[in-house]
Protein chains: 2
Amino acid sequence: MKASRQPLSRQRVLAAAVVLADTHGIQALTMRRLAAELHVEAMSLYYHLRDKEALLDGVVETVIAEFARIDTSGGDWRTRLRQRFLAARDVMLRHPWAPGLLATRRTIPADVYAYYDEIVATLVDAGFSYHLAHRALHAFGSLPLGFAQEIFSPASAGGSMEADAAEADFAAMAEALPHLTAMVAAEVHDSTDPTLGWCDSQVEFEFTLDLLLNGLERLRG
Amino acid sequence: MKASRQPLSRQRVLAAAVVLADTHGIQALTMRRLAAELHVEAMSLYYHLRDKEALLDGVVETVIAEFARIDTSGGDWRTRLRQRFLAARDVMLRHPWAPGLLATRRTIPADVYAYYDEIVATLVDAGFSYHLAHRALHAFGSLPLGFAQEIFSPASAGGSMEADAAEADFAAMAEALPHLTAMVAAEVHDSTDPTLGWCDSQVEFEFTLDLLLNGLERLRG
DNA sequence: ACCTGAACACCGTTCAAGT
DNA sequence: ACCTGAACACCGTTCAAGT
């Protein structure tokens with residue numbers, strides 16, 4: 001136990017931080033707790049990382065680095081981008097806290113730039129102008145990073161909406177929100193569908209993705 | 001000064017919280033500081049709000065309530081939704097911290113449900129099935145709330161990308177990220193364009209919006 | 001009904017000091 | 001080079017107490 005204590009490093013600290021967030025949630029990722037996990041005092045972390053912001057930046061960097069270099073092989077531009085975005089999604093599904101954390105960062109990991117460069121390359125190779133490629137990048141939003149904007153209850157994957165409806169007076173809700181009620185009744189997420197939350201399930205992700213890809217294909221000069 | 005001290009209320013606390021966030025940033029919104037702003041001790045706030053989560057929930061509720069009831073008058077479903085979403089955007093531009101805060105909430109303000117009910121109503125009235133209306137809602141993401149997913153530097157409205165390029169060795173960047181460099185060179189955001197950040201400017205917001213609306217129009221049965 | 005003082009547990013961070 | 005103890009400023013929150 002004592003003999004096994006190799007010296008810390010930035011990499012080891014970041015890896016431990018990812019594991020801690022995966023197992024106990026992002027709110028458990030405090031300097032003191034992370035240090036305890038590494039059998040070290042909190043202050044030791046400051047030797048390897050400037051401050052907590054630097055820790056969080058490093059954590060998203062670590063996650064982004066998981067976007068494996070997938071083969072950009074066969075298919076047209078749409079299938080190539082589709083592959084990439086779905087690969088990114090695999091990573092995010094393993095780290096459900098990552099989208100939220102990424103949203104709070106003010107600096108973009110360098111890897112993200114490289115990633116976006118490849119996307120633009122794919123578009124331009126397919127005949128897009130830089131102008132349209134730029135707009136496409138905007139339109140994609142966070143889809144290249146593997147997640148869609150989450151509106152409804154990011155924390156409660158599994159649908160708080162049904163739960164609320166069950167608790168509250170369902171008839172009253174049906175009266176106040178007739179269209180939503182009808183829609184929800186007709187549309188319950190397939191429970192085998194991998195999800196990052198109520199509003200970001202796999203099938204919806206792919207629907208939005210294809211809607212955008214097809215719309216862009218139409219605009220492609 | 002002393003005589004003007006009317007008793008606190010949930011509404012007054014929330015209004016003060018919005019002002020505090022507007023003027024000093026969301027990170028300045030602490031129980032203690034908010035209390036000081038109201039010339040009261042921090043503990044007094046707990047009489048009106050259960051805890052800080054309840055405060056933050058109330059703050060987003062207050063912002064959402066600003067989505068004025070705009071006339072859903074003339075035009076087809078696309079122009080009606082477009083009006084709504086752009087009106088929401090006006091609100092968010094006045095509270096740039098709101099999208100980020102909203103992303104951290106785990107419960108949806110009741111007003112948001114009512115808002116989405118109206119959107120579904122508009123779609124269904126236009127001939128959408130509930131199924132397609134549901135998918136449309138997903139595809140819209142956060143656009144109905146007036147903002148697009150922000151990938152690049154949410155905090156630095158005004159473009160850290162150019163800044164970084166200026167600081168770093170531009171030639172090296174051009175080599176490492178040839179397509180992005182070319183794209184950025186060809187595409188600089190118009191500085192008169194109202195923006196919530198590098199990746200969420202008004203023209204891009206509208207482009208994405210129309211791309212989705214047109215794609216959905218095509219799928220409409 | 002509405003507000004407060006004192007206290008607690010927990011943060012991130014600094015600094016001088018240890019090995 | 002790498003880690004630590006003590007201390008500081010700042011959180012959110014409780015509880016019993018004031019008016």
# chains A, B, ... in the order shown; residues from 1 in each chain; ligands from 1
$ residues_around --residues "Gln202 of chain A" --least-positions-apart "6" --cutoff "8 Å" --atoms "only C-alpha atoms (C1' of nucleotides)" --output "list of chain:residue names"
A:Asp193, A:Pro194, A:Thr195
$ write_last_selection --atoms "all heavy atoms" --output "compact mmCIF listing (two decimals), in the first residue's frame"
# COMPACT_ATOMS: atom_id res chain seq x y z
N ASP A 193 -33.87 2.53 -25.59
CA ASP A 193 -33.19 3.58 -26.33
C ASP A 193 -32.15 4.27 -25.44
O ASP A 193 -32.51 4.89 -24.45
CB ASP A 193 -34.29 4.57 -26.77
CG ASP A 193 -33.75 5.70 -27.60
OD1 ASP A 193 -32.65 5.57 -28.15
OD2 ASP A 193 -34.45 6.72 -27.68
N PRO A 194 -30.85 4.18 -25.79
CA PRO A 194 -29.85 4.83 -24.92
C PRO A 194 -30.07 6.32 -24.88
O PRO A 194 -30.35 6.95 -25.89
CB PRO A 194 -28.52 4.50 -25.59
CG PRO A 194 -28.85 4.05 -26.97
CD PRO A 194 -30.25 3.52 -26.94
N THR A 195 -29.95 6.89 -23.70
CA THR A 195 -30.37 8.28 -23.51
C THR A 195 -29.41 9.04 -22.61
O THR A 195 -28.79 8.48 -21.72
CB THR A 195 -31.78 8.31 -22.90
OG1 THR A 195 -32.18 9.66 -22.76
CG2 THR A 195 -31.79 7.63 -21.55
$ interface_residues --of "chain B" --to "chain D" --cutoff "12 Å" --atoms "only C-alpha atoms (C1' of nucleotides)" --output "PyMOL selection string"
chain B and resi 27-33+42-46+50-53
$ atom_distance --atom1 "atom CA of Arg82 of chain B" --atom2 "atom CA of Leu209 of chain B"
7.6 Å
$ calpha_fit_and_write --fixed "chain B" --moving "chain A" --output "mmCIF file with C-alpha atoms, in the first residue's frame"
data_model
loop_
_atom_site.group_PDB
_atom_site.id
_atom_site.type_symbol
_atom_site.label_atom_id
_atom_site.label_comp_id
_atom_site.auth_asym_id
_atom_site.auth_seq_id
_atom_site.Cartn_x
_atom_site.Cartn_y
_atom_site.Cartn_z
ATOM 1 C CA MET A 1 -33.797 54.725 4.227
ATOM 2 C CA LYS A 2 -34.973 52.917 7.317
ATOM 3 C CA ALA A 3 -38.606 53.899 6.751
ATOM 4 C CA SER A 4 -38.487 52.682 3.152
ATOM 5 C CA ARG A 5 -37.751 49.147 4.210
ATOM 6 C CA GLN A 6 -40.830 47.234 3.175
ATOM 7 C CA PRO A 7 -40.910 43.587 4.206
ATOM 8 C CA LEU A 8 -39.291 41.117 1.849
ATOM 9 C CA SER A 9 -41.233 38.776 -0.379
ATOM 10 C CA ARG A 10 -40.338 35.928 -2.689
ATOM 11 C CA GLN A 11 -41.028 38.165 -5.666
ATOM 12 C CA ARG A 12 -38.780 40.977 -4.406
ATOM 13 C CA VAL A 13 -35.981 38.551 -3.615
ATOM 14 C CA LEU A 14 -36.168 36.962 -7.081
ATOM 15 C CA ALA A 15 -36.302 40.323 -8.834
ATOM 16 C CA ALA A 16 -33.239 41.453 -6.905
ATOM 17 C CA ALA A 17 -31.489 38.208 -7.801
ATOM 18 C CA VAL A 18 -32.079 38.800 -11.514
ATOM 19 C CA VAL A 19 -30.743 42.343 -11.236
ATOM 20 C CA LEU A 20 -27.700 41.136 -9.331
ATOM 21 C CA ALA A 21 -26.955 38.499 -11.983
ATOM 22 C CA ASP A 22 -27.457 41.046 -14.751
ATOM 23 C CA THR A 23 -25.123 43.592 -13.204
ATOM 24 C CA HIS A 24 -22.414 41.461 -11.591
ATOM 25 C CA GLY A 25 -22.674 38.080 -13.229
ATOM 26 C CA ILE A 26 -24.250 34.851 -12.091
ATOM 27 C CA GLN A 27 -21.261 33.948 -9.949
ATOM 28 C CA ALA A 28 -21.992 36.995 -7.806
ATOM 29 C CA LEU A 29 -25.377 35.544 -6.932
ATOM 30 C CA THR A 30 -24.660 34.125 -3.488
ATOM 31 C CA MET A 31 -27.078 34.059 -0.603
ATOM 32 C CA ARG A 32 -24.898 36.397 1.421
ATOM 33 C CA ARG A 33 -24.375 38.926 -1.319
ATOM 34 C CA LEU A 34 -28.007 38.910 -2.395
ATOM 35 C CA ALA A 35 -29.008 39.503 1.202
ATOM 36 C CA ALA A 36 -26.591 42.416 1.453
ATOM 37 C CA GLU A 37 -28.104 43.887 -1.687
ATOM 38 C CA LEU A 38 -31.482 43.767 0.044
ATOM 39 C CA HIS A 39 -30.041 45.218 3.278
ATOM 40 C CA VAL A 40 -30.825 42.098 5.170
ATOM 41 C CA GLU A 41 -28.943 39.193 6.725
ATOM 42 C CA ALA A 42 -28.363 36.060 4.619
ATOM 43 C CA MET A 43 -30.506 33.998 6.932
ATOM 44 C CA SER A 44 -33.548 36.110 6.239
ATOM 45 C CA LEU A 45 -33.703 34.762 2.710
ATOM 46 C CA TYR A 46 -34.468 31.330 4.085
ATOM 47 C CA TYR A 47 -37.787 32.575 5.311
ATOM 48 C CA HIS A 48 -38.844 33.217 1.698
ATOM 49 C CA LEU A 49 -36.958 30.465 -0.128
ATOM 50 C CA ARG A 50 -36.233 26.919 0.944
ATOM 51 C CA ASP A 51 -32.591 26.953 -0.134
ATOM 52 C CA LYS A 52 -30.302 28.127 -2.894
ATOM 53 C CA GLU A 53 -31.665 25.632 -5.399
ATOM 54 C CA ALA A 54 -35.093 27.128 -4.856
ATOM 55 C CA LEU A 55 -33.628 30.577 -5.424
ATOM 56 C CA LEU A 56 -32.090 29.552 -8.740
ATOM 57 C CA ASP A 57 -35.282 27.780 -9.807
ATOM 58 C CA GLY A 58 -37.175 30.961 -9.016
ATOM 59 C CA VAL A 59 -34.724 33.046 -10.994
ATOM 60 C CA VAL A 60 -35.164 31.052 -14.202
ATOM 61 C CA GLU A 61 -38.898 31.074 -13.587
ATOM 62 C CA THR A 62 -38.709 34.857 -13.436
ATOM 63 C CA VAL A 63 -36.799 35.038 -16.690
ATOM 64 C CA ILE A 64 -39.115 32.637 -18.517
ATOM 65 C CA ALA A 65 -42.053 34.721 -17.337
ATOM 66 C CA GLU A 66 -40.611 37.551 -19.403
ATOM 67 C CA PHE A 67 -41.511 35.671 -22.565
ATOM 68 C CA ALA A 68 -44.295 38.132 -23.246
ATOM 69 C CA ARG A 69 -47.517 36.747 -24.545
ATOM 70 C CA ILE A 70 -46.933 37.819 -28.104
ATOM 71 C CA ASP A 71 -49.752 37.818 -30.602
ATOM 72 C CA THR A 72 -49.857 34.520 -32.413
ATOM 73 C CA SER A 73 -51.585 36.323 -35.217
ATOM 74 C CA GLY A 74 -50.946 36.188 -38.947
ATOM 75 C CA GLY A 75 -48.731 33.975 -40.983
ATOM 76 C CA ASP A 76 -48.256 30.268 -41.388
ATOM 77 C CA TRP A 77 -46.869 27.995 -38.713
ATOM 78 C CA ARG A 78 -43.303 28.816 -39.647
ATOM 79 C CA THR A 79 -43.629 32.561 -39.228
ATOM 80 C CA ARG A 80 -45.620 32.102 -36.016
ATOM 81 C CA LEU A 81 -42.945 29.905 -34.433
ATOM 82 C CA ARG A 82 -40.240 32.146 -35.806
ATOM 83 C CA GLN A 83 -41.821 35.143 -34.040
ATOM 84 C CA ARG A 84 -42.044 33.263 -30.764
ATOM 85 C CA PHE A 85 -38.482 32.004 -30.815
ATOM 86 C CA LEU A 86 -37.071 35.381 -31.715
ATOM 87 C CA ALA A 87 -39.105 36.995 -28.941
ATOM 88 C CA ALA A 88 -37.627 34.494 -26.511
ATOM 89 C CA ARG A 89 -34.235 35.401 -27.868
ATOM 90 C CA ASP A 90 -34.802 39.055 -27.028
ATOM 91 C CA VAL A 91 -35.287 38.046 -23.426
ATOM 92 C CA MET A 92 -32.161 35.906 -23.341
ATOM 93 C CA LEU A 93 -30.056 38.662 -24.870
ATOM 94 C CA ARG A 94 -31.001 40.774 -21.862
ATOM 95 C CA HIS A 95 -29.938 37.982 -19.491
ATOM 96 C CA PRO A 96 -26.901 36.335 -21.086
ATOM 97 C CA TRP A 97 -26.296 34.185 -18.008
ATOM 98 C CA ALA A 98 -29.765 32.616 -18.254
ATOM 99 C CA PRO A 99 -29.033 29.878 -20.816
ATOM 100 C CA GLY A 100 -26.196 28.553 -18.706
ATOM 101 C CA LEU A 101 -28.255 28.670 -15.541
ATOM 102 C CA LEU A 102 -31.183 26.977 -17.224
ATOM 103 C CA ALA A 103 -28.886 24.146 -18.268
ATOM 104 C CA THR A 104 -28.114 23.399 -14.625
ATOM 105 C CA ARG A 105 -31.725 23.202 -13.439
ATOM 106 C CA ARG A 106 -33.236 19.790 -12.857
ATOM 107 C CA THR A 107 -36.849 20.893 -12.700
ATOM 108 C CA ILE A 108 -38.640 22.678 -15.485
ATOM 109 C CA PRO A 109 -40.630 25.774 -14.598
ATOM 110 C CA ALA A 110 -44.341 25.194 -15.146
ATOM 111 C CA ASP A 111 -44.413 28.115 -17.558
ATOM 112 C CA VAL A 112 -42.138 26.214 -19.900
ATOM 113 C CA TYR A 113 -44.673 23.430 -20.209
ATOM 114 C CA ALA A 114 -47.365 25.913 -21.136
ATOM 115 C CA TYR A 115 -45.029 27.457 -23.655
ATOM 116 C CA TYR A 116 -44.280 24.111 -25.274
ATOM 117 C CA ASP A 117 -47.953 23.277 -25.315
ATOM 118 C CA GLU A 118 -48.551 26.320 -27.485
ATOM 119 C CA ILE A 119 -45.782 25.273 -29.833
ATOM 120 C CA VAL A 120 -47.250 21.800 -30.218
ATOM 121 C CA ALA A 121 -50.659 23.370 -30.794
ATOM 122 C CA THR A 122 -49.254 25.490 -33.582
ATOM 123 C CA LEU A 123 -47.680 22.454 -35.205
ATOM 124 C CA VAL A 124 -50.736 20.231 -34.902
ATOM 125 C CA ASP A 125 -52.989 22.971 -36.245
ATOM 126 C CA ALA A 126 -50.696 23.124 -39.253
ATOM 127 C CA GLY A 127 -51.269 19.466 -39.979
ATOM 128 C CA PHE A 128 -48.399 17.848 -38.090
ATOM 129 C CA SER A 129 -49.006 14.522 -36.452
ATOM 130 C CA TYR A 130 -48.236 14.343 -32.745
ATOM 131 C CA HIS A 131 -45.375 12.071 -33.633
ATOM 132 C CA LEU A 132 -43.740 14.571 -35.944
ATOM 133 C CA ALA A 133 -44.525 17.433 -33.569
ATOM 134 C CA HIS A 134 -42.655 15.541 -30.885
ATOM 135 C CA ARG A 135 -39.636 15.103 -33.092
ATOM 136 C CA ALA A 136 -39.779 18.726 -34.115
ATOM 137 C CA LEU A 137 -39.687 19.721 -30.444
ATOM 138 C CA HIS A 138 -36.574 17.627 -29.997
ATOM 139 C CA ALA A 139 -34.976 18.976 -33.143
ATOM 140 C CA PHE A 140 -35.609 22.555 -32.046
ATOM 141 C CA GLY A 141 -33.563 21.927 -28.944
ATOM 142 C CA SER A 142 -33.152 25.199 -27.121
ATOM 143 C CA LEU A 143 -34.185 27.411 -30.027
ATOM 144 C CA PRO A 144 -37.692 27.955 -28.582
ATOM 145 C CA LEU A 145 -35.984 29.326 -25.478
ATOM 146 C CA GLY A 146 -34.041 31.770 -27.587
ATOM 147 C CA PHE A 147 -30.564 30.341 -27.671
ATOM 148 C CA ALA A 148 -28.486 27.812 -29.558
ATOM 149 C CA GLN A 149 -26.007 25.439 -28.086
ATOM 150 C CA GLU A 150 -22.830 27.330 -27.423
ATOM 151 C CA ILE A 151 -19.675 25.380 -28.170
ATOM 152 C CA PHE A 152 -16.986 27.994 -28.319
ATOM 153 C CA SER A 153 -16.260 30.125 -25.249
ATOM 154 C CA PRO A 154 -19.680 30.893 -23.765
ATOM 155 C CA ALA A 155 -18.151 33.460 -21.438
ATOM 156 C CA SER A 156 -16.238 35.521 -23.938
ATOM 157 C CA ALA A 157 -18.777 37.074 -26.248
ATOM 158 C CA GLY A 158 -16.748 38.693 -28.950
ATOM 159 C CA GLY A 159 -14.630 35.845 -30.144
ATOM 160 C CA SER A 160 -11.736 34.370 -28.239
ATOM 161 C CA MET A 161 -10.856 32.542 -31.413
ATOM 162 C CA GLU A 162 -9.487 35.600 -33.124
ATOM 163 C CA ALA A 163 -7.708 36.560 -29.935
ATOM 164 C CA ASP A 164 -6.098 33.136 -29.625
ATOM 165 C CA ALA A 165 -5.044 33.275 -33.233
ATOM 166 C CA ALA A 166 -3.478 36.662 -32.717
ATOM 167 C CA GLU A 167 -1.563 35.567 -29.632
ATOM 168 C CA ALA A 168 -0.389 32.220 -30.878
ATOM 169 C CA ASP A 169 1.734 31.660 -33.908
ATOM 170 C CA PHE A 170 -0.773 32.191 -36.661
ATOM 171 C CA ALA A 171 1.280 30.314 -39.217
ATOM 172 C CA ALA A 172 1.473 27.291 -36.943
ATOM 173 C CA MET A 173 -2.266 27.347 -36.478
ATOM 174 C CA ALA A 174 -2.812 27.653 -40.213
ATOM 175 C CA GLU A 175 -0.723 24.547 -40.625
ATOM 176 C CA ALA A 176 -2.356 22.529 -37.889
ATOM 177 C CA LEU A 177 -5.907 23.648 -38.663
ATOM 178 C CA PRO A 178 -5.898 24.592 -42.321
ATOM 179 C CA HIS A 179 -9.614 24.367 -42.945
ATOM 180 C CA LEU A 180 -10.680 26.160 -39.804
ATOM 181 C CA THR A 181 -8.167 28.901 -40.487
ATOM 182 C CA ALA A 182 -9.441 29.369 -44.012
ATOM 183 C CA MET A 183 -13.004 29.400 -42.787
ATOM 184 C CA VAL A 184 -12.400 31.906 -40.028
ATOM 185 C CA ALA A 185 -10.507 34.140 -42.420
ATOM 186 C CA ALA A 186 -13.453 34.116 -44.793
ATOM 187 C CA GLU A 187 -16.053 34.426 -42.096
ATOM 188 C CA VAL A 188 -15.877 37.002 -39.385
ATOM 189 C CA HIS A 189 -19.033 37.696 -37.487
ATOM 190 C CA ASP A 190 -20.580 41.005 -38.370
ATOM 191 C CA SER A 191 -19.967 43.146 -35.330
ATOM 192 C CA THR A 192 -23.451 44.690 -35.490
ATOM 193 C CA ASP A 193 -24.937 41.236 -35.108
ATOM 194 C CA PRO A 194 -26.463 40.725 -31.631
ATOM 195 C CA THR A 195 -24.832 37.732 -30.040
ATOM 196 C CA LEU A 196 -24.933 35.463 -27.013
ATOM 197 C CA GLY A 197 -21.422 34.319 -27.756
ATOM 198 C CA TRP A 198 -19.131 33.253 -30.537
ATOM 199 C CA CYS A 199 -21.406 30.479 -31.733
ATOM 200 C CA ASP A 200 -24.780 32.005 -31.114
ATOM 201 C CA SER A 201 -25.199 35.134 -33.170
ATOM 202 C CA GLN A 202 -28.493 36.343 -34.501
ATOM 203 C CA VAL A 203 -27.862 35.472 -38.145
ATOM 204 C CA GLU A 204 -26.672 31.967 -37.293
ATOM 205 C CA PHE A 205 -29.632 31.503 -34.989
ATOM 206 C CA GLU A 206 -31.985 32.393 -37.793
ATOM 207 C CA PHE A 207 -30.146 30.242 -40.308
ATOM 208 C CA THR A 208 -30.420 27.164 -38.110
ATOM 209 C CA LEU A 209 -34.009 27.976 -37.295
ATOM 210 C CA ASP A 210 -35.002 28.250 -40.947
ATOM 211 C CA LEU A 211 -33.046 25.143 -41.852
ATOM 212 C CA LEU A 212 -35.094 23.199 -39.323
ATOM 213 C CA LEU A 213 -38.411 24.851 -40.176
ATOM 214 C CA ASN A 214 -37.947 24.177 -43.866
ATOM 215 C CA GLY A 215 -36.863 20.602 -43.259
ATOM 216 C CA LEU A 216 -39.945 20.011 -41.135
ATOM 217 C CA GLU A 217 -42.223 21.661 -43.665
ATOM 218 C CA ARG A 218 -40.958 19.098 -46.133
ATOM 219 C CA LEU A 219 -41.775 16.236 -43.769
ATOM 220 C CA ARG A 220 -45.193 17.604 -42.888
ATOM 221 C CA GLY A 221 -47.773 15.100 -43.957
#
$ select_by_dssp --residues "segment 75-156 of chain B" --states "helix (DSSP H, G or I)" --output "ChimeraX atom specification"
/B:77-94,98-104,110-125,130-140,143-145
$ write_last_selection --atoms "C-alpha atoms" --output "PDB file, in the first residue's frame"
ATOM      1  CA  TRP B  77     -46.878  27.992 -38.657  1.00  0.00           C
ATOM      2  CA  ARG B  78     -43.315  28.821 -39.595  1.00  0.00           C
ATOM      3  CA  THR B  79     -43.632  32.554 -39.194  1.00  0.00           C
ATOM      4  CA  ARG B  80     -45.604  32.119 -35.982  1.00  0.00           C
ATOM      5  CA  LEU B  81     -42.927  29.926 -34.396  1.00  0.00           C
ATOM      6  CA  ARG B  82     -40.215  32.139 -35.766  1.00  0.00           C
ATOM      7  CA  GLN B  83     -41.803  35.151 -34.019  1.00  0.00           C
ATOM      8  CA  ARG B  84     -42.037  33.277 -30.735  1.00  0.00           C
ATOM      9  CA  PHE B  85     -38.470  32.021 -30.781  1.00  0.00           C
ATOM     10  CA  LEU B  86     -37.064  35.406 -31.699  1.00  0.00           C
ATOM     11  CA  ALA B  87     -39.079  37.016 -28.924  1.00  0.00           C
ATOM     12  CA  ALA B  88     -37.588  34.525 -26.491  1.00  0.00           C
ATOM     13  CA  ARG B  89     -34.213  35.428 -27.850  1.00  0.00           C
ATOM     14  CA  ASP B  90     -34.766  39.087 -27.025  1.00  0.00           C
ATOM     15  CA  VAL B  91     -35.255  38.078 -23.407  1.00  0.00           C
ATOM     16  CA  MET B  92     -32.133  35.937 -23.328  1.00  0.00           C
ATOM     17  CA  LEU B  93     -30.029  38.685 -24.852  1.00  0.00           C
ATOM     18  CA  ARG B  94     -30.963  40.809 -21.842  1.00  0.00           C
ATOM     19  CA  ALA B  98     -29.730  32.657 -18.241  1.00  0.00           C
ATOM     20  CA  PRO B  99     -29.016  29.901 -20.806  1.00  0.00           C
ATOM     21  CA  GLY B 100     -26.157  28.583 -18.701  1.00  0.00           C
ATOM     22  CA  LEU B 101     -28.223  28.690 -15.544  1.00  0.00           C
ATOM     23  CA  LEU B 102     -31.151  26.999 -17.225  1.00  0.00           C
ATOM     24  CA  ALA B 103     -28.857  24.185 -18.268  1.00  0.00           C
ATOM     25  CA  THR B 104     -28.058  23.417 -14.640  1.00  0.00           C
ATOM     26  CA  ALA B 110     -44.302  25.244 -15.108  1.00  0.00           C
ATOM     27  CA  ASP B 111     -44.391  28.159 -17.534  1.00  0.00           C
ATOM     28  CA  VAL B 112     -42.118  26.246 -19.859  1.00  0.00           C
ATOM     29  CA  TYR B 113     -44.664  23.467 -20.156  1.00  0.00           C
ATOM     30  CA  ALA B 114     -47.346  25.955 -21.083  1.00  0.00           C
ATOM     31  CA  TYR B 115     -45.003  27.489 -23.618  1.00  0.00           C
ATOM     32  CA  TYR B 116     -44.263  24.139 -25.230  1.00  0.00           C
ATOM     33  CA  ASP B 117     -47.929  23.304 -25.257  1.00  0.00           C
ATOM     34  CA  GLU B 118     -48.534  26.352 -27.420  1.00  0.00           C
ATOM     35  CA  ILE B 119     -45.780  25.289 -29.780  1.00  0.00           C
ATOM     36  CA  VAL B 120     -47.245  21.829 -30.150  1.00  0.00           C
ATOM     37  CA  ALA B 121     -50.648  23.387 -30.724  1.00  0.00           C
ATOM     38  CA  THR B 122     -49.235  25.508 -33.526  1.00  0.00           C
ATOM     39  CA  LEU B 123     -47.670  22.456 -35.144  1.00  0.00           C
ATOM     40  CA  VAL B 124     -50.722  20.236 -34.813  1.00  0.00           C
ATOM     41  CA  ASP B 125     -52.988  22.972 -36.151  1.00  0.00           C
ATOM     42  CA  TYR B 130     -48.209  14.360 -32.669  1.00  0.00           C
ATOM     43  CA  HIS B 131     -45.352  12.085 -33.563  1.00  0.00           C
ATOM     44  CA  LEU B 132     -43.722  14.590 -35.883  1.00  0.00           C
ATOM     45  CA  ALA B 133     -44.519  17.447 -33.518  1.00  0.00           C
ATOM     46  CA  HIS B 134     -42.655  15.550 -30.830  1.00  0.00           C
ATOM     47  CA  ARG B 135     -39.632  15.120 -33.041  1.00  0.00           C
ATOM     48  CA  ALA B 136     -39.779  18.735 -34.065  1.00  0.00           C
ATOM     49  CA  LEU B 137     -39.654  19.747 -30.411  1.00  0.00           C
ATOM     50  CA  HIS B 138     -36.550  17.638 -29.957  1.00  0.00           C
ATOM     51  CA  ALA B 139     -34.973  18.994 -33.115  1.00  0.00           C
ATOM     52  CA  PHE B 140     -35.581  22.572 -32.018  1.00  0.00           C
ATOM     53  CA  LEU B 143     -34.153  27.429 -30.011  1.00  0.00           C
ATOM     54  CA  PRO B 144     -37.666  27.976 -28.565  1.00  0.00           C
ATOM     55  CA  LEU B 145     -35.952  29.353 -25.466  1.00  0.00           C
TER      56      LEU B 145
END
